[in-house]
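*Asks:* Dropping in my_file.cif, which is mmCIF, C-alpha atoms:
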data_final
loop_
_atom_site.label_atom_id
_atom_site.label_comp_id
_atom_site.auth_asym_id
_atom_site.auth_seq_id
_atom_site.Cartn_x
_atom_site.Cartn_y
_atom_site.Cartn_z
CA MET A 1 128.36 100.93 97.97
CA ILE A 2 129.65 100.23 101.47
CA PRO A 3 126.78 102.03 103.29
CA LEU A 4 124.21 100.14 101.21
CA ALA A 5 125.90 96.78 101.86
CA SER A 6 126.12 97.48 105.59
CA LEU A 7 122.44 98.43 105.64
CA VAL A 8 121.46 95.20 103.89
CA ILE A 9 123.61 93.16 106.26
CA LEU A 10 122.01 94.96 109.22
CA VAL A 11 118.51 94.20 107.96
CA ILE A 12 119.32 90.52 107.43
CA LEU A 13 121.06 90.25 110.79
CA SER A 14 118.16 92.00 112.58
CA THR A 15 115.63 89.68 110.98
CA PHE A 16 117.40 86.55 112.19
CA VAL A 17 118.31 87.86 115.61
CA PHE A 18 114.91 89.37 116.45
CA LYS A 19 113.02 86.36 115.08
CA ASP A 20 115.04 84.04 117.26
CA LEU A 21 114.76 86.31 120.31
CA TYR A 22 111.00 86.73 119.78
CA SER A 23 110.39 82.98 119.68
CA ARG A 24 112.56 82.42 122.75
CA ILE A 25 110.81 85.19 124.67
CA SER A 26 107.34 83.92 123.64
CA LEU A 27 108.25 80.44 124.81
CA GLU A 28 109.60 81.75 128.08
CA ARG A 29 106.48 83.87 128.66
CA LEU A 30 104.27 80.83 128.09
CA LYS A 31 106.42 78.89 130.50
CA LEU A 32 106.13 81.69 133.06
CA GLU A 33 102.35 81.82 132.66
CA ARG A 34 102.03 78.07 133.18
CA VAL A 35 104.41 78.08 136.13
CA ARG A 36 102.44 80.96 137.69
CA LYS A 37 99.14 79.05 137.28
CA ASP A 38 100.65 75.87 138.67
CA GLY A 39 102.09 77.89 141.51
CA THR A 40 98.64 79.30 142.32
CA VAL A 41 97.11 75.82 142.25
CA LEU A 42 99.85 74.43 144.47
CA GLN A 43 99.53 77.34 146.84
CA GLN A 44 95.74 76.93 147.09
CA LYS A 45 96.10 73.18 147.48
CA GLN A 46 98.68 73.58 150.22
CA VAL A 47 96.53 76.08 152.14
CA PHE A 48 93.42 73.91 151.74
CA LEU A 49 95.17 70.73 152.86
CA GLN A 50 96.61 72.49 155.90
CA GLU A 51 93.16 73.87 156.78
CA VAL A 52 91.28 70.57 156.57
CA LYS A 53 94.05 68.38 157.96
CA GLU A 54 92.48 68.02 161.39
CA GLN A 55 88.86 67.53 160.31
CA VAL A 56 89.28 65.18 157.39
CA LEU A 57 90.41 62.29 159.60
CA SER A 58 87.04 61.88 161.31
CA LEU A 59 85.19 62.58 158.06
CA SER A 60 86.97 59.78 156.25
CA ASP A 61 86.42 57.38 159.14
CA SER A 62 82.69 58.15 159.20
CA THR A 63 82.24 57.83 155.45
CA LEU A 64 84.23 54.62 155.38
CA LEU A 65 82.02 53.24 158.11
CA ALA A 66 78.92 54.29 156.14
CA LEU A 67 80.18 52.62 152.99
CA PRO A 68 82.89 50.11 153.91
CA ASP A 69 85.34 48.51 151.52
CA THR A 70 84.45 44.96 152.52
CA ASN A 71 81.21 43.03 152.89
CA SER A 72 79.27 44.85 155.57
CA ALA A 73 76.59 42.19 156.18
CA LEU A 74 77.96 41.14 159.57
CA LEU A 75 78.18 44.74 160.73
CA GLU A 76 74.61 45.33 159.58
CA ILE A 77 73.34 42.21 161.36
CA SER A 78 74.94 43.49 164.52
CA GLN A 79 73.18 46.83 164.01
CA LEU A 80 69.85 45.06 163.36
CA LYS A 81 70.17 43.19 166.62
CA ASN A 82 70.95 46.38 168.52
CA ILE A 83 68.04 48.26 166.97
CA ALA A 84 65.66 45.35 167.59
CA GLU A 85 66.72 45.31 171.23
CA GLY A 86 66.27 49.06 171.51
CA ASN A 87 62.75 48.90 170.11
CA ALA A 88 61.66 45.78 172.01
CA VAL A 89 60.90 43.76 168.89
CA ALA A 90 61.83 40.17 168.09
CA LEU A 91 64.24 39.70 165.20
CA GLU A 92 63.94 36.27 163.60
CA ASN A 93 64.83 34.24 160.53
CA LEU A 94 67.90 36.24 159.62
CA GLY A 95 69.37 35.22 156.30
CA VAL A 96 72.05 36.59 154.02
CA GLY A 97 72.14 36.01 150.30
CA GLY A 98 71.45 37.35 146.84
CA GLY A 99 72.60 40.76 145.77
CA ASP A 100 75.18 41.64 143.16
CA ALA A 101 78.42 41.09 145.00
CA ALA A 102 80.54 41.04 141.87
CA LYS A 103 78.78 43.60 139.67
CA GLY A 104 79.97 47.16 139.22
CA ASP A 105 82.02 49.22 141.64
CA ILE A 106 79.36 49.06 144.35
CA SER A 107 78.59 45.60 145.69
CA ASN A 108 75.57 44.62 147.72
CA VAL A 109 74.08 41.71 149.55
CA ILE A 110 70.53 41.24 150.79
CA ILE A 111 69.78 40.41 154.42
CA THR A 112 66.31 39.00 154.92
CA PHE A 113 64.63 38.98 158.31
CA ASP A 114 61.33 38.84 160.17
CA VAL A 115 60.44 41.24 162.94
CA LEU A 116 57.63 40.74 165.41
CA GLY A 117 56.35 43.44 167.71
CA LYS A 118 53.86 46.23 168.19
CA PHE A 119 53.05 48.18 165.03
CA ASP A 120 54.66 51.42 166.23
CA ASP A 121 57.75 49.59 167.44
CA VAL A 122 58.31 47.70 164.20
CA LEU A 123 57.79 50.92 162.26
CA ASN A 124 60.41 52.64 164.43
CA PHE A 125 62.68 49.68 163.89
CA LEU A 126 62.39 50.04 160.12
CA VAL A 127 63.00 53.78 160.24
CA GLU A 128 66.03 53.37 162.46
CA ILE A 129 67.62 50.83 160.14
CA GLN A 130 67.88 53.51 157.48
CA ASN A 131 69.60 55.85 159.90
CA THR A 132 72.47 53.63 160.91
CA ALA A 133 75.85 52.88 159.42
CA PRO A 134 76.68 51.01 157.24
CA LEU A 135 74.43 52.35 154.52
CA ALA A 136 71.49 50.00 153.91
CA ARG A 137 68.23 50.22 152.00
CA LEU A 138 65.03 48.34 152.67
CA GLU A 139 63.41 46.30 149.94
CA ASN A 140 60.22 44.26 149.77
CA VAL A 141 58.77 45.24 153.12
CA LYS A 142 55.62 43.36 154.00
CA MET A 143 53.79 43.97 157.27
CA ALA A 144 50.86 41.91 158.47
CA GLN A 145 48.85 41.83 161.63
CA ALA A 146 49.48 38.74 163.76
CA GLY A 147 47.11 38.86 166.71
CA ASP A 148 48.05 41.88 168.80
CA SER A 149 51.41 42.14 167.13
CA THR A 150 52.65 42.99 163.68
CA LEU A 151 54.90 40.72 161.69
CA VAL A 152 57.29 42.32 159.24
CA ARG A 153 59.09 40.40 156.54
CA ALA A 154 61.73 42.50 154.84
CA GLY A 155 64.86 42.46 152.77
CA LEU A 156 67.68 44.85 153.53
CA LYS A 157 70.28 45.65 150.89
CA VAL A 158 73.67 46.44 152.39
CA PHE A 159 76.45 47.94 150.35
CA TRP A 160 80.18 48.13 150.17
CA ALA A 161 82.57 49.49 147.57
CA GLU A 162 86.23 49.20 146.73
CA LEU A 163 88.52 52.01 147.77
CA PRO A 164 89.92 54.38 145.18
CA THR A 165 93.35 53.36 143.98
CA THR A 166 94.83 56.60 142.69
CA ILE A 167 95.09 60.20 143.70
CA PRO A 168 95.49 63.04 141.20
CA ALA A 169 98.86 64.42 140.17
CA ILE A 170 100.46 66.67 142.77
CA ASN A 171 99.85 69.85 140.76
CA GLU A 172 96.18 69.14 140.11
CA PRO A 173 93.74 71.06 142.27
CA VAL A 174 91.99 69.21 145.08
CA VAL A 175 88.66 67.90 143.86
CA GLN A 176 86.14 69.26 146.30
CA LEU A 177 82.55 68.46 147.16
CA ALA A 178 79.63 69.99 145.28
CA SER A 179 76.65 71.24 147.28
CA ASP A 180 74.53 68.14 146.61
CA GLU A 181 77.47 65.96 147.61
CA GLN A 182 77.78 68.01 150.79
CA GLU A 183 74.16 67.10 151.60
CA ILE A 184 74.95 63.43 151.08
CA LEU A 185 78.01 63.80 153.29
CA ASN A 186 75.81 65.25 156.03
CA VAL A 187 73.44 62.28 155.65
CA LEU A 188 76.38 59.87 155.99
CA LEU A 189 77.70 61.71 159.03
CA GLN A 190 74.34 61.45 160.72
CA LEU A 191 74.21 57.67 160.38
CA ALA A 192 74.56 56.12 163.82
CA PRO A 193 77.70 53.96 164.05
CA PRO A 194 77.64 50.57 165.76
CA PRO A 195 78.22 50.95 169.51
CA PHE A 196 81.72 49.48 169.31
CA PHE A 197 82.80 52.12 166.79
CA ALA A 198 83.52 55.34 168.60
CA THR A 199 84.22 58.06 166.06
CA THR A 200 84.12 61.76 166.66
CA THR A 201 82.00 63.12 163.88
CA PHE A 202 82.94 66.46 162.42
CA VAL A 203 80.33 68.36 160.47
CA PRO A 204 82.04 70.97 158.30
CA SER A 205 80.76 74.51 158.26
CA THR A 206 79.61 76.14 155.06
CA SER A 207 82.86 78.00 154.67
CA GLN A 208 84.73 74.75 154.80
CA VAL A 209 82.48 73.12 152.26
CA VAL A 210 84.34 72.67 149.14
CA GLU A 211 82.79 72.99 145.75
CA THR A 212 83.61 70.91 142.77
CA SER A 213 85.69 72.66 140.26
CA GLU A 214 84.59 71.09 136.99
CA GLU A 215 87.70 72.22 135.20
CA PRO A 216 91.11 72.18 136.77
CA ILE A 217 92.62 75.60 137.23
CA SER A 218 95.53 74.58 135.12
CA GLN A 219 96.57 71.62 133.12
CA PRO A 220 98.76 69.36 135.17
CA GLN A 221 102.30 68.91 134.02
CA VAL A 222 102.49 65.53 135.68
CA THR A 223 99.71 63.20 134.68
CA SER A 224 101.02 59.92 135.95
CA PRO A 225 99.04 58.81 138.99
CA ARG A 226 100.85 58.43 142.23
CA LYS A 227 101.17 55.04 143.91
CA ASN A 228 98.12 53.48 145.53
CA PRO A 229 97.74 55.56 148.64
CA PHE A 230 94.87 53.55 150.10
CA SER A 231 96.72 50.35 150.75
CA PRO A 232 97.00 51.07 154.50
CA PHE A 233 93.18 50.93 154.70
CA GLU A 234 92.87 47.58 152.99
CA MET B 1 152.04 129.65 103.28
CA PRO B 2 148.62 128.01 103.34
CA ALA B 3 148.21 124.48 101.79
CA LEU B 4 146.72 124.52 98.41
CA LYS B 5 144.07 121.85 97.57
CA ILE B 6 144.42 120.55 94.07
CA ASN B 7 141.97 118.04 92.51
CA LEU B 8 143.95 115.98 90.10
CA LEU B 9 141.01 113.79 89.01
CA PRO B 10 139.32 114.64 85.82
CA GLY B 11 136.09 116.57 86.40
CA ASP B 12 133.83 113.89 84.72
CA LEU B 13 135.07 111.08 87.09
CA SER B 14 134.05 112.78 90.38
CA PRO B 15 130.70 111.46 91.84
CA LYS B 16 127.63 113.49 91.36
CA ALA B 17 126.37 115.57 94.24
CA SER B 18 123.09 113.57 94.46
CA VAL B 19 124.99 110.27 94.75
CA LEU B 20 127.17 111.71 97.46
CA LYS B 21 124.03 112.88 99.29
CA LEU B 22 122.42 109.43 99.02
CA ALA B 23 125.59 107.71 100.22
CA ASN B 24 125.70 110.05 103.16
CA ALA B 25 122.05 109.39 103.99
CA LEU B 26 122.60 105.61 103.73
CA LYS B 27 125.61 105.86 106.01
CA LYS B 28 123.60 107.76 108.60
CA LEU B 29 120.73 105.33 108.27
CA SER B 30 122.94 102.30 108.78
CA LEU B 31 124.54 103.92 111.80
CA LEU B 32 121.13 104.64 113.29
CA GLY B 33 119.91 101.16 112.40
CA PHE B 34 122.94 99.58 114.04
CA ALA B 35 122.38 101.62 117.16
CA LEU B 36 118.73 100.56 117.26
CA PHE B 37 119.72 96.96 116.62
CA LEU B 38 122.13 97.05 119.53
CA VAL B 39 119.62 98.65 121.89
CA GLY B 40 116.81 96.28 120.77
CA THR B 41 118.98 93.20 121.09
CA LEU B 42 120.25 94.20 124.50
CA GLY B 43 116.71 94.99 125.66
CA ALA B 44 115.36 91.67 124.39
CA VAL B 45 118.20 89.72 125.95
CA ALA B 46 117.65 91.50 129.25
CA PHE B 47 113.91 90.72 129.12
CA PHE B 48 114.69 87.10 128.28
CA ILE B 49 117.04 86.86 131.24
CA TYR B 50 114.38 88.42 133.49
CA LEU B 51 111.79 85.87 132.33
CA THR B 52 114.16 82.95 132.84
CA THR B 53 115.07 84.15 136.31
CA GLU B 54 111.39 84.62 137.19
CA VAL B 55 110.53 81.11 135.98
CA GLU B 56 113.37 79.65 137.98
CA SER B 57 112.37 81.57 141.08
CA LEU B 58 108.74 80.42 140.79
CA ARG B 59 109.87 76.87 140.21
CA THR B 60 111.90 76.99 143.40
CA ASP B 61 108.80 78.18 145.28
CA GLN B 62 106.78 75.40 143.66
CA GLU B 63 109.26 72.78 144.73
CA GLN B 64 108.82 74.01 148.28
CA SER B 65 105.02 73.83 147.93
CA LYS B 66 105.28 70.35 146.44
CA LYS B 67 107.33 69.20 149.39
CA THR B 68 104.71 70.57 151.79
CA ILE B 69 101.89 68.96 149.77
CA SER B 70 103.75 65.66 149.73
CA SER B 71 103.98 65.81 153.49
CA LEU B 72 100.17 66.30 153.52
CA GLU B 73 99.55 63.39 151.16
CA GLN B 74 97.66 61.43 153.79
CA THR B 75 95.21 64.32 154.14
CA GLU B 76 94.74 64.39 150.39
CA GLN B 77 94.16 60.62 150.33
CA ARG B 78 91.45 61.03 152.92
CA ILE B 79 89.80 63.83 150.95
CA ILE B 80 89.75 61.61 147.86
CA LEU B 81 88.34 58.80 150.00
CA VAL B 82 85.56 61.03 151.35
CA LYS B 83 84.71 62.24 147.85
CA ASP B 84 84.65 58.67 146.53
CA ARG B 85 82.42 57.40 149.37
CA VAL B 86 80.05 60.36 148.99
CA GLN B 87 79.68 59.89 145.23
CA LYS B 88 78.96 56.18 145.64
CA ALA B 89 76.57 56.76 148.54
CA GLU B 90 74.72 59.35 146.44
CA ARG B 91 74.09 56.71 143.78
CA ILE B 92 72.76 54.30 146.40
CA ILE B 93 70.53 56.84 148.12
CA LYS B 94 69.08 58.20 144.88
CA THR B 95 68.11 54.78 143.60
CA ALA B 96 66.32 53.68 146.76
CA PRO B 97 62.68 54.85 146.81
CA THR B 98 61.65 52.68 149.78
CA GLU B 99 63.01 55.17 152.29
CA LYS B 100 60.67 57.91 151.07
CA ARG B 101 57.66 55.56 151.25
CA LEU B 102 58.62 54.51 154.75
CA GLN B 103 58.86 58.15 155.80
CA ALA B 104 55.44 58.79 154.25
CA LEU B 105 53.98 55.80 156.07
CA THR B 106 55.41 57.04 159.38
CA ALA B 107 53.93 60.47 158.78
CA LEU B 108 50.57 58.95 157.86
CA VAL B 109 50.47 56.76 160.96
CA ALA B 110 50.94 59.87 163.09
CA LYS B 111 47.96 61.56 161.40
CA PHE B 112 45.55 58.60 161.58
CA PRO B 113 43.22 58.06 164.57
CA LYS B 114 44.70 55.83 167.27
CA ASN B 115 42.05 53.12 166.96
CA VAL B 116 42.78 52.41 163.28
CA VAL B 117 44.48 49.05 162.86
CA PHE B 118 46.95 48.43 160.06
CA THR B 119 46.18 44.86 159.09
CA SER B 120 48.70 44.72 156.26
CA VAL B 121 51.27 47.04 154.72
CA GLU B 122 53.47 46.42 151.73
CA ILE B 123 56.15 48.91 150.74
CA LEU B 124 56.94 48.60 147.06
CA PRO B 125 59.28 50.77 145.00
CA GLU B 126 56.40 52.29 143.06
CA ARG B 127 53.62 52.37 145.67
CA LEU B 128 52.46 51.64 149.17
CA ASP B 129 49.72 49.05 149.69
CA LEU B 130 47.69 49.48 152.89
CA THR B 131 44.85 47.55 154.44
CA LEU B 132 43.20 49.28 157.38
CA LEU B 133 40.56 48.35 159.85
CA ALA B 134 38.38 51.17 161.18
CA PRO B 135 36.03 50.13 164.04
CA ASP B 136 33.19 52.44 162.94
CA SER B 137 32.17 54.89 160.23
CA SER B 138 33.27 57.99 162.17
CA VAL B 139 36.80 56.61 162.52
CA LEU B 140 36.72 55.63 158.84
CA LYS B 141 35.68 59.18 157.91
CA GLU B 142 38.39 60.67 160.12
CA THR B 143 40.98 58.33 158.56
CA MET B 144 39.99 59.23 155.02
CA SER B 145 40.02 62.95 155.87
CA ALA B 146 43.48 62.61 157.37
CA LEU B 147 44.65 60.81 154.25
CA ALA B 148 43.14 63.42 151.94
CA ASP B 149 44.63 66.31 153.94
CA SER B 150 48.05 64.72 154.35
CA ASP B 151 49.33 65.67 150.89
CA LEU B 152 51.82 62.83 151.17
CA PHE B 153 50.73 60.96 148.07
CA LYS B 154 50.02 62.05 144.51
CA LYS B 155 47.29 59.48 143.98
CA VAL B 156 45.21 57.22 146.22
CA ASP B 157 43.31 54.24 144.82
CA MET B 158 40.73 52.52 146.98
CA ILE B 159 40.87 48.86 145.99
CA SER B 160 38.16 47.56 148.28
CA LEU B 161 35.90 48.56 151.12
CA GLY B 162 34.30 45.85 153.26
CA LEU B 163 32.16 45.88 156.36
CA ASN B 164 32.23 43.28 159.06
CA PRO B 165 29.61 44.05 161.73
CA LYS B 166 31.88 42.61 164.46
CA SER B 167 35.24 44.23 163.58
CA GLY B 168 34.32 47.25 161.45
CA TYR B 169 35.33 48.63 158.06
CA LEU B 170 38.18 46.97 156.16
CA VAL B 171 39.74 49.29 153.56
CA SER B 172 42.37 48.38 151.00
CA LEU B 173 44.32 51.29 149.52
CA GLN B 174 47.08 51.78 147.02
CA LEU B 175 49.05 54.97 147.62
CA PHE B 176 51.30 56.38 144.90
#
Mind converting the file's structure to structure tokens?

*Replies:*
Amino acid sequence: MIPLASLVILVILSTFVFKDLYSRISLERLKLERVRKDGTVLQQKQVFLQEVKEQVLSLSDSTLLALPDTNSALLEISQLKNIAEGNAVALENLGVGGGDAAKGDISNVIITFDVLGKFDDVLNFLVEIQNTAPLARLENVKMAQAGDSTLVRAGLKVFWAELPTTIPAINEPVVQLASDEQEILNVLLQLAPPPFFATTTFVPSTSQVVETSEEPISQPQVTSPRKNPFSPFE
Amino acid sequence: MPALKINLLPGDLSPKASVLKLANALKKLSLLGFALFLVGTLGAVAFFIYLTTEVESLRTDQEQSKKTISSLEQTEQRIILVKDRVQKAERIIKTAPTEKRLQALTALVAKFPKNVVFTSVEILPERLDLTLLAPDSSVLKETMSALADSDLFKKVDMISLGLNPKSGYLVSLQLF
């Protein structure tokens, strides 16, 4: 009787003890797996941030100049005057208005102007406008012969956009640039800044080009955004 | 004198040999089971302690990484800023067709004969309207050949062709 009772007690005791231990161990293993993944993300993030620390300063300055956070019409007018002077054309009837200043996250305003000069010069002028910072796009370009000269009447859309207000949680991987975004970045870096803006432009090498990871390597434990880090730029 | 063993119980009350065997087997089994239980429990507890220690150790490393990342927060802000500007600039650049038409016009001007005069040009989102003045038929032919060979436009519509004996041929084109 006693051996049988002790065997039954042992079976019952083993069931409870092992069940409890199994669930605790499973939980701890999951925790370990998650901590390991987070650790890898943090490690990669730390290494990446340390690597790009020096270069990113000039990159951000150049991109912010290409697409400022405030109305860039005055900056663009200054650029237009410089380009007109450089191409020996007359810039007249400058006007600012229209656009969708309040719509969406990218605002724009249209600068209208007339340019008078030789055909080749006004064409150069128009091409150069597109290659200067801030980012601007020509609209409604009309060119007509006026005696020996050519008169251009054009609208130029200039853009600006609000700065981002949040950065991802500390244990989220750094969101990097996709290859098409890298091309756009190169375009932005090649835009000529106004003469009074002296920035040292850094063009990253292919190895430093970061690709977008569509899915984070691990789920962040902290999802609350950090405080607005861009206030110093405003 | 050796001790004498005497069984005072009646013979029918003593357990059967098979029951005694089973009881013995059960006793051995419970002893073995208890030993296994002890070993298993100790092993599981040890593994649990190992896991907990490992988690704690990794967490300590992570805290260190987090501190370093926090000290690099300004760099991260700038990366986010660059990404944001690039994404917005991409939207602007992709929705602006005028730049391509202007580039095409510049390329076309380089291919045309020098004595062709552009009397009017209009750059529209969907097409390029051109009016040209060619002083004579050979220049006109050269211009049209250059246009045909340029491969810059998918379609070219000639809207009008006029001749003024004093100035030459006036051609209106729509380039798509």

*Asks:* Within 7 Å of chain A, which residues of chain B show up when using only C-alpha atoms, listed as a PyMOL selection string?

*Replies:* chain B and resi 23+26-27+30+34+37+44+48+51-52+55+58-59+62+65+68-69+72+75-87+90+96+98+119-124

*Asks:* Would you put the residues from that selection into a file with C-alpha atoms, as a PDB file, in the coordinates of the input?

*Replies:*
ATOM      1  CA  ALA B  23     125.590 107.710 100.220  1.00  0.00           C
ATOM      2  CA  LEU B  26     122.600 105.610 103.730  1.00  0.00           C
ATOM      3  CA  LYS B  27     125.610 105.860 106.010  1.00  0.00           C
ATOM      4  CA  SER B  30     122.940 102.300 108.780  1.00  0.00           C
ATOM      5  CA  PHE B  34     122.940  99.580 114.040  1.00  0.00           C
ATOM      6  CA  PHE B  37     119.720  96.960 116.620  1.00  0.00           C
ATOM      7  CA  ALA B  44     115.360  91.670 124.390  1.00  0.00           C
ATOM      8  CA  PHE B  48     114.690  87.100 128.280  1.00  0.00           C
ATOM      9  CA  LEU B  51     111.790  85.870 132.330  1.00  0.00           C
ATOM     10  CA  THR B  52     114.160  82.950 132.840  1.00  0.00           C
ATOM     11  CA  VAL B  55     110.530  81.110 135.980  1.00  0.00           C
ATOM     12  CA  LEU B  58     108.740  80.420 140.790  1.00  0.00           C
ATOM     13  CA  ARG B  59     109.870  76.870 140.210  1.00  0.00           C
ATOM     14  CA  GLN B  62     106.780  75.400 143.660  1.00  0.00           C
ATOM     15  CA  SER B  65     105.020  73.830 147.930  1.00  0.00           C
ATOM     16  CA  THR B  68     104.710  70.570 151.790  1.00  0.00           C
ATOM     17  CA  ILE B  69     101.890  68.960 149.770  1.00  0.00           C
ATOM     18  CA  LEU B  72     100.170  66.300 153.520  1.00  0.00           C
ATOM     19  CA  THR B  75      95.210  64.320 154.140  1.00  0.00           C
ATOM     20  CA  GLU B  76      94.740  64.390 150.390  1.00  0.00           C
ATOM     21  CA  GLN B  77      94.160  60.620 150.330  1.00  0.00           C
ATOM     22  CA  ARG B  78      91.450  61.030 152.920  1.00  0.00           C
ATOM     23  CA  ILE B  79      89.800  63.830 150.950  1.00  0.00           C
ATOM     24  CA  ILE B  80      89.750  61.610 147.860  1.00  0.00           C
ATOM     25  CA  LEU B  81      88.340  58.800 150.000  1.00  0.00           C
ATOM     26  CA  VAL B  82      85.560  61.030 151.350  1.00  0.00           C
ATOM     27  CA  LYS B  83      84.710  62.240 147.850  1.00  0.00           C
ATOM     28  CA  ASP B  84      84.650  58.670 146.530  1.00  0.00           C
ATOM     29  CA  ARG B  85      82.420  57.400 149.370  1.00  0.00           C
ATOM     30  CA  VAL B  86      80.050  60.360 148.990  1.00  0.00           C
ATOM     31  CA  GLN B  87      79.680  59.890 145.230  1.00  0.00           C
ATOM     32  CA  GLU B  90      74.720  59.350 146.440  1.00  0.00           C
ATOM     33  CA  ALA B  96      66.320  53.680 146.760  1.00  0.00           C
ATOM     34  CA  THR B  98      61.650  52.680 149.780  1.00  0.00           C
ATOM     35  CA  THR B 119      46.180  44.860 159.090  1.00  0.00           C
ATOM     36  CA  SER B 120      48.700  44.720 156.260  1.00  0.00           C
ATOM     37  CA  VAL B 121      51.270  47.040 154.720  1.00  0.00           C
ATOM     38  CA  GLU B 122      53.470  46.420 151.730  1.00  0.00           C
ATOM     39  CA  ILE B 123      56.150  48.910 150.740  1.00  0.00           C
ATOM     40  CA  LEU B 124      56.940  48.600 147.060  1.00  0.00           C
TER      41      LEU B 124
END

*Asks:* What does the structure give for the distance between CA of Phe16 (chain A) and CA of Ile49 (chain B), in Å to one decimal?

*Replies:*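 Pair CA of Phe16 (chain A) / CA of Ile49 (chain B) returns 19.1 Å.
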
*Asks:* Can you list what the PyMOL selection byres ((chain A and resi 72-74) around 8) grabs from this structure, as a PyMOL selection string?

*Replies:* chain A and resi 68+70-71+75-78+96+109+111+134+158-160

*Asks:* What do you get, as a count of residues only, if you spell out every residue that the PyMOL selection byres ((chain B and resi 133-150) around 12) selects here?

*Replies:* 46

*Asks:* What gap, in Å, lies between CA of Gly43 (chain B) and CA of Leu29 (chain B)?

*Replies:*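 According to the coordinates, CA of Gly43 (chain B) and CA of Leu29 (chain B) are separated by 20.6 Å.
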
*Asks:* For a test of reading the model, state the distance in Å between CA of Pro97 (chain B) and CA of Ala88 (chain A), rounded to one decimal.

*Replies:*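 Atom-to-atom, CA of Pro97 (chain B) and CA of Ala88 (chain A) are spaced 26.8 Å apart.
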
*Asks:* Specify the axis-aligned box that encloses all atoms of region 131-136 of chain B listed in the file after padding of 3 Å on each side, stating its centre and edge lengths in Å to one decimal as AutoDock Vina command-line options.

*Replies:*
--center_x 39.0 --center_y 50.0 --center_z 159.2 --size_x 17.7 --size_y 10.9 --size_z 15.6
